[in-house]
Amino acid sequence: MVELMRTGGYSGQGDSDRILGLDRNIVFFDAFPEDFNPEKHVVIDIMNPHYTPYYQKNELPGDWHNLTPIHFLAVSEGVSFRVCLSYTPVNPVESKPDLVEIAKELLKVGLEKFGVGGKKRKGYGWFEVIE
């Protein structure tokens, strides 16, 4: 997020400290799915790595190695998440409520342009921000 702020034109460590909560002004709460139905929105996906001997035993990589299926649960595409921020200035006299708007914009850009978590090449972790 700090790097995003720098590329987005927000300068100075003071800005990032205030926005990211190091001064405890902005709190980013956990994101929760809306209208979530596990039977509809949780799917089983699979990875099939077949270069395990290459990584574990320093053998040559090849398609002749046995597959190692790894099943995992994933949230299906199209599930909406609610993300909440709160603003509580440490010093109410120096209140800067515009920090919430800056943090919201940075979060939007981060979710849409950078994604979250792993497996982004496989399509996981990308968000479309809907107001």
# chains A, B, ... in the order shown; residues from 1 in each chain; ligands from 1
>>> residues_around(residues="A:Cys84", least_positions_apart="6", cutoff="12 Å", atoms="only C-alpha atoms", output="NGL selection string")
:A and (26-33 or 100 or 103-104 or 107-108)
>>> write_last_selection(atoms="C-alpha atoms", output="compact mmCIF listing (two decimals), in the first residue's frame")
# COMPACT_ATOMS: atom_id res chain seq x y z
CA ILE A 26 -7.63 4.62 9.49
CA VAL A 27 -8.67 1.05 10.28
CA PHE A 28 -9.11 -1.46 7.44
CA PHE A 29 -11.55 -4.13 8.61
CA ASP A 30 -11.75 -7.67 7.27
CA ALA A 31 -13.68 -8.10 4.03
CA PHE A 32 -16.75 -10.33 4.28
CA PRO A 33 -18.83 -11.83 1.48
CA VAL A 100 -10.76 8.14 4.46
CA ALA A 103 -7.58 5.41 1.68
CA LYS A 104 -10.74 4.32 -0.20
CA LEU A 107 -7.83 0.46 -1.74
CA LYS A 108 -9.89 0.50 -4.96
>>> residues_around(residues="A:Ser76", least_positions_apart="5", cutoff="10 Å", atoms="only C-alpha atoms", output="PyMOL selection string")
chain A and resi 38+40-45+124
>>> atom_distance(atom1="atom CA of A:Thr52", atom2="atom CA of A:Ile70")
12.3 Å
>>> closest_residue(among="A:Glu101, A:Ile46, A:Gln56, A:Pro89", to="A:Lys122", atoms="only C-alpha atoms")
A:Ile46
>>> decode(residues="stretch 111-126 of chain A", atoms="N, CA and C atoms", output="short mmCIF file (atom, residue, chain, number, x, y, z; two decimals), in the first residue's frame")
data_model
loop_
_atom_site.label_atom_id
_atom_site.label_comp_id
_atom_site.auth_asym_id
_atom_site.auth_seq_id
_atom_site.Cartn_x
_atom_site.Cartn_y
_atom_site.Cartn_z
N LEU A 111 -7.07 -3.17 -5.18
CA LEU A 111 -7.88 -4.36 -5.44
C LEU A 111 -8.01 -4.64 -6.94
N GLU A 112 -8.17 -3.58 -7.74
CA GLU A 112 -8.39 -3.78 -9.17
C GLU A 112 -7.10 -3.94 -9.96
N LYS A 113 -6.06 -3.24 -9.59
CA LYS A 113 -4.82 -3.25 -10.38
C LYS A 113 -3.78 -4.25 -9.89
N PHE A 114 -3.74 -4.50 -8.59
CA PHE A 114 -2.73 -5.38 -8.03
C PHE A 114 -3.30 -6.70 -7.51
N GLY A 115 -4.58 -6.73 -7.16
CA GLY A 115 -5.18 -7.94 -6.63
C GLY A 115 -4.70 -8.24 -5.22
N VAL A 116 -5.18 -9.35 -4.67
CA VAL A 116 -4.80 -9.74 -3.32
C VAL A 116 -4.49 -11.22 -3.28
N GLY A 117 -3.49 -11.59 -2.50
CA GLY A 117 -3.19 -12.99 -2.27
C GLY A 117 -2.44 -13.65 -3.42
N GLY A 118 -2.42 -14.97 -3.35
CA GLY A 118 -1.70 -15.76 -4.35
C GLY A 118 -2.60 -16.22 -5.49
N LYS A 119 -2.00 -16.87 -6.44
CA LYS A 119 -2.68 -17.47 -7.60
C LYS A 119 -3.36 -16.45 -8.50
N LYS A 120 -2.83 -15.24 -8.54
CA LYS A 120 -3.45 -14.22 -9.40
C LYS A 120 -3.31 -14.58 -10.88
N ARG A 121 -2.26 -15.29 -11.24
CA ARG A 121 -2.12 -15.72 -12.64
C ARG A 121 -3.21 -16.69 -13.04
N LYS A 122 -3.77 -17.37 -12.07
CA LYS A 122 -4.86 -18.31 -12.33
C LYS A 122 -6.22 -17.64 -12.18
N GLY A 123 -6.24 -16.35 -11.91
CA GLY A 123 -7.50 -15.61 -11.83
C GLY A 123 -8.01 -15.34 -10.44
N TYR A 124 -7.32 -15.84 -9.43
CA TYR A 124 -7.76 -15.60 -8.06
C TYR A 124 -7.31 -14.23 -7.59
N GLY A 125 -8.07 -13.64 -6.67
CA GLY A 125 -7.64 -12.43 -5.99
C GLY A 125 -7.89 -11.13 -6.72
N TRP A 126 -8.57 -11.17 -7.86
CA TRP A 126 -8.87 -9.94 -8.59
C TRP A 126 -10.26 -9.46 -8.24
#
